[in-house]
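To start, the structure under review is shown below, and the notes come after it.
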There are 2 protein chains.
Amino acid sequence: MLYSNYFPKTQKQDPTSAEAVNHKYLVRAGFIDQLMSGSWTLLPFGQRVIQKINQIIREELNQTGALEMALPLLHPKEIWARSGRWDDLKVDEIMYKLKDKNDREYCLSFTHEEIVMDLLGKHNLSYKDLPIKLYQFSTKFRNELRAKSGIMRGREFLMKDLYSAHTSEEDMLKYYEEVKKSYLEIFKRIGLDVYVVEAAGGVFTDRNTHEFQVFNPAGEDTIYYCENGDFAENEEIYDPKLTKCPVCGAEIKTIKSTEVGNIFPLGTKYSQKMEVYYKDENGENQPIWFASYGIGPTRVMGILVEVFHDDKGIIWPEAVAPFKVHLVGLDLADQAIKSKVEKTYKLLQVEGIEVLYDDRQDISPGEKFADADLIGLPYRVVISKRTGDKLEVKRRDKKDTEFLNFEQLLKRI
Amino acid sequence: MLYSNYFPKTQKQDPTSAEAVNHKYLVRAGFIDQLMSGSWTLLPFGQRVIQKINQIIREELNQTGALEMALPLLHPKEIWARSGRWDDLKVDEIMYKLKDKNDREYCLSFTHEEIVMDLLGKHNLSYKDLPIKLYQFSTKFRNELRAKSGIMRGREFLMKDLYSAHTSEEDMLKYYEEVKKSYLEIFKRIGLDVYVVEAAGGVFTDRNTHEFQVFNPAGEDTIYYCENGDFAENEEIYDPKLTKCPVCGAEIKTIKSTEVGNIFPLGTKYSQKMEVYYKDENGENQPIWFASYGIGPTRVMGILVEVFHDDKGIIWPEAVAPFKVHLVGLDLADQAIKSKVEKTYKLLQVEGIEVLYDDRQDISPGEKFADADLIGLPYRVVISKRTGDKLEVKRRDKKDTEFLNFEQLLKRI
């Protein structure tokens, strides 16, 4: 991809009112744009990161036998009334509701438990049809009061939500543990250290749930945990009288953290309220055991920037970087140099490597280097009068540069 | 993929109130589910078809230099007021509007011209930054009165929308023609015969536009055209006094048709109303030339069923079929047969072929064949006591079956 054809170009100034690092860098580097408070456009760079995050999630969830689908975003009141959540005051506080010209009432997808339950209820399920595991990448709308953390807390945001339906609590918990492992693998592949933390169920369930937390100073959550990994609880459920880990006796520590995923063992609450049953071996109606599982890909992009950056810009983990190589051409007025850069650009593409080629002629070397550091691709490759037969290669996360030939570069990356 | 693990299973009865063929077959075969009038869930089969359609679109648009992004769906009134469309009565008729608890007004994404213009306006564009070509796959909301054509006309539906910004009418029209060719290639790859038809601009522009139409008896549009391909107009703009093609003199014919894509040479209407300019070579503000281009992937799925079906079910074109092979295992109580089917299933997967394996043991051969015909995958492969060393292979669109060994099957598909 030629950077001259890319949109938008980088910005030198921090956006006004930006507090979070992810907000500043993602906007300045051209990954996201703010439409209004809590509402973000994914620009082409951002879209590429999200597609890579989503593909990792997709591959891992498919391994668990889950099937991808897509549910509508505009929901009729009637279905939400069946679970009782239409009138739940805590839900009402942050749910967008609207009426059409015939006074029919709707809400925007706050989450999709009710819609999945309604779908299951239409299919006369027998015990042979279960378990069912369905997921989607879909927009959620929540009119959050605090929307100050850049792309980490949006009023409209992308969520991967998975729903599973089972004949028994045992089967539900078995799959719940399988998804927990799958999530750990997903975050490992993305490049994030996550901690599984016990938490409250919020407006979803009275049971305790599990959150996937990334410890970081900009986090909105407070976690109490034991360093040996034997205990971790969200402040919401933590008992302040507890000072030692109940498992290993180590001291309980506290840290700021950001939630990137959450899994909910919902049980039969939704199936009982909405009267969604399966037929057991005797032809009797039984309530479906139900669980849901979320990951916020846009929030993951935000936390990656919070964790991986320096004072010059973002440092993307390779697995989700929008391109692998930032090819910087200098002295492009010299035709011999220009040909050499273009040849390298083509050869890298032939090798299947994603390259962003900064082909601009009216920009100084210093500006090009600053843009490369801000955008944060894993490898910077410079070709100029000075580099001779070699390519100047620098990893974004290292200080030193190396002079390599093309074959050596391929091996390196 | 094991069909026993798939959701949902086929239904024997047509859905109540279904009129359109695509509605009946897509619901019965388990591709879509109706949440409410004009609102559809993409079930796993449907999601696979849409992902294939989208990938073809993505590949072709990337060839034109367009960049993928994702815009928000909830829009503030202020931006739509700038173009004048917030108060356009024809738009207001079918636009969903809402207020939040602070009485701020919003609409749901009816289309995205205004939002793209607002985005461009924030970036101080110079003539060097243009053209800019941005596209997305995104949800549109339109409260259409007539929502009776199955998935072909939804109140909430998926659209691929592309927007291009240029320094001049000439450059805009050059890219407009490039997208026209790209669209023809997209529909050819999908397997649809489309006709480019001149039409009115609706609530988008006073200029004439071009529609991509699929002639079919269930179509909602009426097209006047010349069989030599020299003339085609939508009823909206057709002059009934015209009876001969103005180019070749052939008789003008009329036919029912369905629109699957539409391209709009919008000109400077939006940039002038919204005051979005670029700086020319002299540093002077100039209005941006703008065009937009839509394809409805869910509507494309619907028209494919209208065009490609028989009295038993759907006949998917290979390029967008959810799986390539429907592997039907019979006599699975016989362990030798079962092993043979499972081996074939694995070998096909190793070859990278997408297989749906009907592994159900309590279903009769007749029911399995009926399901295979209804779902409509391109190749049915049967293994049973009767097939011996061979595989019984039948193309969904042919009557005859062949007995092939595995190597011959691979060559055939």
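As shown in the structure tokens, the chain order sets the letters A, B, ...; within each chain, residues go from 1, and ligands are also counted from 1 in the order they appear.
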
What are the residues of chain B that have an atom within 9 Å of an atom of chain A, counting only C-alpha atoms, as a PyMOL selection string? chain B and resi 1+4-9+11+33-36+39-48+65+67-76+93+96-101+115+118-120+123+128-134+139+141+143+156-157

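Nearest-residue note for Glu59 (chain B): choosing from B:Asp92, B:Thr254, B:Tyr379, B:Ile186, the minimum distance belongs to B:Ile186, counting only C-alpha atoms.
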
For Gly219 (chain A), find every residue with an atom within 7 Å (counting only C-alpha atoms), except residues of its own chain fewer than 3 positions away, and show them as a list in words.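 Once the nearby chain positions are removed, what remains is Asn216, Lys256, Ser257 and Thr258 of chain A.
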
Got a sec: who's within 7 Å of region 383-387 of chain A, counting only C-alpha atoms, leaving out chain neighbours fewer than 4 positions off, as a list of chain:residue names?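 Surrounding residues, per the criterion: A:Val328, A:Gly329, A:Leu330, A:Asp331, A:Ile337, A:Val341, A:Leu391, A:Glu392.
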
Resulting file, chosen residues, C-alpha atoms, as a compact mmCIF listing (two decimals), in the first residue's frame:
# COMPACT_ATOMS: atom_id res chain seq x y z
CA VAL A 328 10.61 4.40 4.04
CA GLY A 329 11.96 5.69 0.73
CA LEU A 330 14.33 8.69 1.02
CA ASP A 331 16.06 10.67 -1.77
CA ILE A 337 17.06 5.08 -5.51
CA VAL A 341 12.71 1.16 -3.36
CA LEU A 391 18.47 -2.13 3.55
CA GLU A 392 18.46 -0.35 6.89

Filtered DSSP result for region 176-285 of chain A, state strand (DSSP E or B), as a PyMOL selection string: chain A and resi 195-199+209-215+221-226+232-234+244+251-267+277-279+285

Save out the residues we just selected, C-alpha atoms, as a PDB file, in the first residue's frame.
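Now in again_8.pdb:
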ATOM      1  CA  TYR A 195      -5.646 -12.252  34.229  1.00  0.00           C
ATOM      2  CA  VAL A 196      -8.842 -14.177  34.871  1.00  0.00           C
ATOM      3  CA  VAL A 197     -10.694 -12.347  37.632  1.00  0.00           C
ATOM      4  CA  GLU A 198     -13.905 -13.192  39.450  1.00  0.00           C
ATOM      5  CA  ALA A 199     -16.521 -10.455  39.215  1.00  0.00           C
ATOM      6  CA  THR A 209     -18.788 -14.213  36.381  1.00  0.00           C
ATOM      7  CA  HIS A 210     -15.216 -14.132  35.057  1.00  0.00           C
ATOM      8  CA  GLU A 211     -13.493 -11.156  33.537  1.00  0.00           C
ATOM      9  CA  PHE A 212     -10.337 -11.116  31.423  1.00  0.00           C
ATOM     10  CA  GLN A 213      -8.333  -8.211  32.767  1.00  0.00           C
ATOM     11  CA  VAL A 214      -5.223  -6.414  31.520  1.00  0.00           C
ATOM     12  CA  PHE A 215      -3.411  -4.753  34.423  1.00  0.00           C
ATOM     13  CA  ASP A 221     -11.277  -1.283  37.309  1.00  0.00           C
ATOM     14  CA  THR A 222      -9.523  -2.138  40.566  1.00  0.00           C
ATOM     15  CA  ILE A 223      -8.422  -5.739  41.047  1.00  0.00           C
ATOM     16  CA  TYR A 224      -7.419  -7.523  44.256  1.00  0.00           C
ATOM     17  CA  TYR A 225      -5.115 -10.437  43.478  1.00  0.00           C
ATOM     18  CA  CYS A 226      -2.446 -12.810  44.675  1.00  0.00           C
ATOM     19  CA  ALA A 232      -8.158 -12.477  41.741  1.00  0.00           C
ATOM     20  CA  GLU A 233     -11.386 -10.549  42.389  1.00  0.00           C
ATOM     21  CA  ASN A 234     -12.886  -7.358  41.037  1.00  0.00           C
ATOM     22  CA  LYS A 244      -4.150 -12.985  52.594  1.00  0.00           C
ATOM     23  CA  GLU A 251      -0.472 -11.077  50.570  1.00  0.00           C
ATOM     24  CA  ILE A 252      -3.357  -9.673  48.522  1.00  0.00           C
ATOM     25  CA  LYS A 253      -2.245  -6.852  46.235  1.00  0.00           C
ATOM     26  CA  THR A 254      -4.286  -4.256  44.401  1.00  0.00           C
ATOM     27  CA  ILE A 255      -3.852  -2.865  40.903  1.00  0.00           C
ATOM     28  CA  LYS A 256      -5.657  -0.806  38.220  1.00  0.00           C
ATOM     29  CA  SER A 257      -6.901  -2.828  35.289  1.00  0.00           C
ATOM     30  CA  THR A 258      -8.971  -2.860  32.076  1.00  0.00           C
ATOM     31  CA  GLU A 259     -11.517  -5.537  31.228  1.00  0.00           C
ATOM     32  CA  VAL A 260     -11.200  -6.911  27.674  1.00  0.00           C
ATOM     33  CA  GLY A 261     -13.507  -9.911  27.951  1.00  0.00           C
ATOM     34  CA  ASN A 262     -16.209 -11.273  30.205  1.00  0.00           C
ATOM     35  CA  ILE A 263     -17.947 -14.639  30.453  1.00  0.00           C
ATOM     36  CA  PHE A 264     -21.341 -15.187  32.079  1.00  0.00           C
ATOM     37  CA  PRO A 265     -22.690 -18.563  33.301  1.00  0.00           C
ATOM     38  CA  LEU A 266     -26.293 -17.371  33.083  1.00  0.00           C
ATOM     39  CA  GLY A 267     -27.981 -20.650  33.952  1.00  0.00           C
ATOM     40  CA  TYR A 277     -37.470 -25.072  26.569  1.00  0.00           C
ATOM     41  CA  TYR A 278     -35.977 -28.167  24.990  1.00  0.00           C
ATOM     42  CA  LYS A 279     -37.610 -31.588  24.952  1.00  0.00           C
ATOM     43  CA  ASN A 285     -40.085 -29.564  28.481  1.00  0.00           C
TER      44      ASN A 285
END

In Å, how far is it from CA of Ile151 (chain A) to CA of Met301 (chain A)?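 Between these atoms lies a distance of 8.0 Å.
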
Using only C-alpha atoms, determine which residues lie at most 12 Å from Val381 (chain B), disregarding the query and same-chain residues fewer than 6 positions distant; provide the list as a PyMOL selection string. chain B and resi 324-330+341+344-345+348+355-358+368-369+372+387+390-396+401-406+409-410+412-413

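For the residues A:Met172, A:Gly313, A:Ala336, A:Asn102, ranking by smallest atom-to-atom distance to Leu145 (chain B) using only C-alpha atoms places A:Asn102 first.
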
Mind listing the helix (DSSP H, G or I) residues of region 112-307 of chain A, per DSSP on the backbone, as number ranges by chain? A: 113-121, 127-129, 150-152, 169-190, 269-274, 297-307

Keeping only C-alpha atoms, write the selected residues as a PDB file, in the first residue's frame.
ATOM      1  CA  GLU A 113     -29.241 -12.672  25.093  1.00  0.00           C
ATOM      2  CA  GLU A 114     -32.964 -12.057  24.560  1.00  0.00           C
ATOM      3  CA  ILE A 115     -32.687 -12.207  20.770  1.00  0.00           C
ATOM      4  CA  VAL A 116     -30.773 -15.503  20.845  1.00  0.00           C
ATOM      5  CA  MET A 117     -33.303 -16.961  23.308  1.00  0.00           C
ATOM      6  CA  ASP A 118     -36.158 -15.883  21.012  1.00  0.00           C
ATOM      7  CA  LEU A 119     -34.361 -17.534  18.068  1.00  0.00           C
ATOM      8  CA  LEU A 120     -33.826 -20.794  19.981  1.00  0.00           C
ATOM      9  CA  GLY A 121     -37.448 -20.794  21.090  1.00  0.00           C
ATOM     10  CA  TYR A 127     -31.930 -32.674  23.635  1.00  0.00           C
ATOM     11  CA  LYS A 128     -30.308 -34.006  20.445  1.00  0.00           C
ATOM     12  CA  ASP A 129     -29.990 -30.472  19.052  1.00  0.00           C
ATOM     13  CA  GLY A 150     -10.713   6.976  24.054  1.00  0.00           C
ATOM     14  CA  ILE A 151     -11.911   3.906  22.177  1.00  0.00           C
ATOM     15  CA  MET A 152     -11.931   1.846  25.395  1.00  0.00           C
ATOM     16  CA  GLU A 169     -25.531 -27.120  34.188  1.00  0.00           C
ATOM     17  CA  GLU A 170     -22.706 -29.643  33.882  1.00  0.00           C
ATOM     18  CA  ASP A 171     -22.585 -29.322  30.089  1.00  0.00           C
ATOM     19  CA  MET A 172     -22.803 -25.541  30.339  1.00  0.00           C
ATOM     20  CA  LEU A 173     -19.906 -25.365  32.801  1.00  0.00           C
ATOM     21  CA  LYS A 174     -17.822 -27.747  30.685  1.00  0.00           C
ATOM     22  CA  TYR A 175     -18.148 -25.441  27.672  1.00  0.00           C
ATOM     23  CA  TYR A 176     -17.674 -22.384  29.914  1.00  0.00           C
ATOM     24  CA  GLU A 177     -14.257 -23.760  30.893  1.00  0.00           C
ATOM     25  CA  GLU A 178     -13.488 -24.523  27.235  1.00  0.00           C
ATOM     26  CA  VAL A 179     -14.265 -20.905  26.269  1.00  0.00           C
ATOM     27  CA  LYS A 180     -12.142 -19.671  29.181  1.00  0.00           C
ATOM     28  CA  LYS A 181      -9.178 -21.559  27.705  1.00  0.00           C
ATOM     29  CA  SER A 182     -10.054 -20.356  24.217  1.00  0.00           C
ATOM     30  CA  TYR A 183     -10.073 -16.747  25.432  1.00  0.00           C
ATOM     31  CA  LEU A 184      -6.659 -17.177  27.061  1.00  0.00           C
ATOM     32  CA  GLU A 185      -5.310 -18.503  23.750  1.00  0.00           C
ATOM     33  CA  ILE A 186      -6.922 -15.587  21.854  1.00  0.00           C
ATOM     34  CA  PHE A 187      -5.329 -12.943  24.092  1.00  0.00           C
ATOM     35  CA  LYS A 188      -1.984 -14.771  24.009  1.00  0.00           C
ATOM     36  CA  ARG A 189      -2.043 -14.740  20.181  1.00  0.00           C
ATOM     37  CA  ILE A 190      -2.977 -11.053  20.158  1.00  0.00           C
ATOM     38  CA  LYS A 269     -32.730 -17.410  34.269  1.00  0.00           C
ATOM     39  CA  TYR A 270     -33.411 -16.367  30.670  1.00  0.00           C
ATOM     40  CA  SER A 271     -35.017 -19.616  29.499  1.00  0.00           C
ATOM     41  CA  GLN A 272     -37.354 -19.670  32.492  1.00  0.00           C
ATOM     42  CA  LYS A 273     -38.395 -16.031  32.184  1.00  0.00           C
ATOM     43  CA  MET A 274     -38.796 -16.266  28.411  1.00  0.00           C
ATOM     44  CA  PRO A 297     -12.278  -5.952  19.723  1.00  0.00           C
ATOM     45  CA  THR A 298     -12.215  -2.133  19.623  1.00  0.00           C
ATOM     46  CA  ARG A 299     -11.445  -2.063  23.334  1.00  0.00           C
ATOM     47  CA  VAL A 300      -8.680  -4.614  22.735  1.00  0.00           C
ATOM     48  CA  MET A 301      -7.192  -2.234  20.147  1.00  0.00           C
ATOM     49  CA  GLY A 302      -7.307   0.549  22.744  1.00  0.00           C
ATOM     50  CA  ILE A 303      -5.641  -1.445  25.513  1.00  0.00           C
ATOM     51  CA  LEU A 304      -2.915  -2.611  23.103  1.00  0.00           C
ATOM     52  CA  VAL A 305      -1.970   1.043  22.637  1.00  0.00           C
ATOM     53  CA  GLU A 306      -2.111   1.693  26.398  1.00  0.00           C
ATOM     54  CA  VAL A 307       0.266  -1.227  26.994  1.00  0.00           C
TER      55      VAL A 307
END

If I take CA of Gly38 (chain A) and CA of His23 (chain A), how far is one from the other in Å, to one decimal?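 It comes out at 11.0 Å.
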
Which value, in Å to one decimal, gives the distance between CA of Asn124 (chain B) and CA of Arg85 (chain B)? 24.2 Å
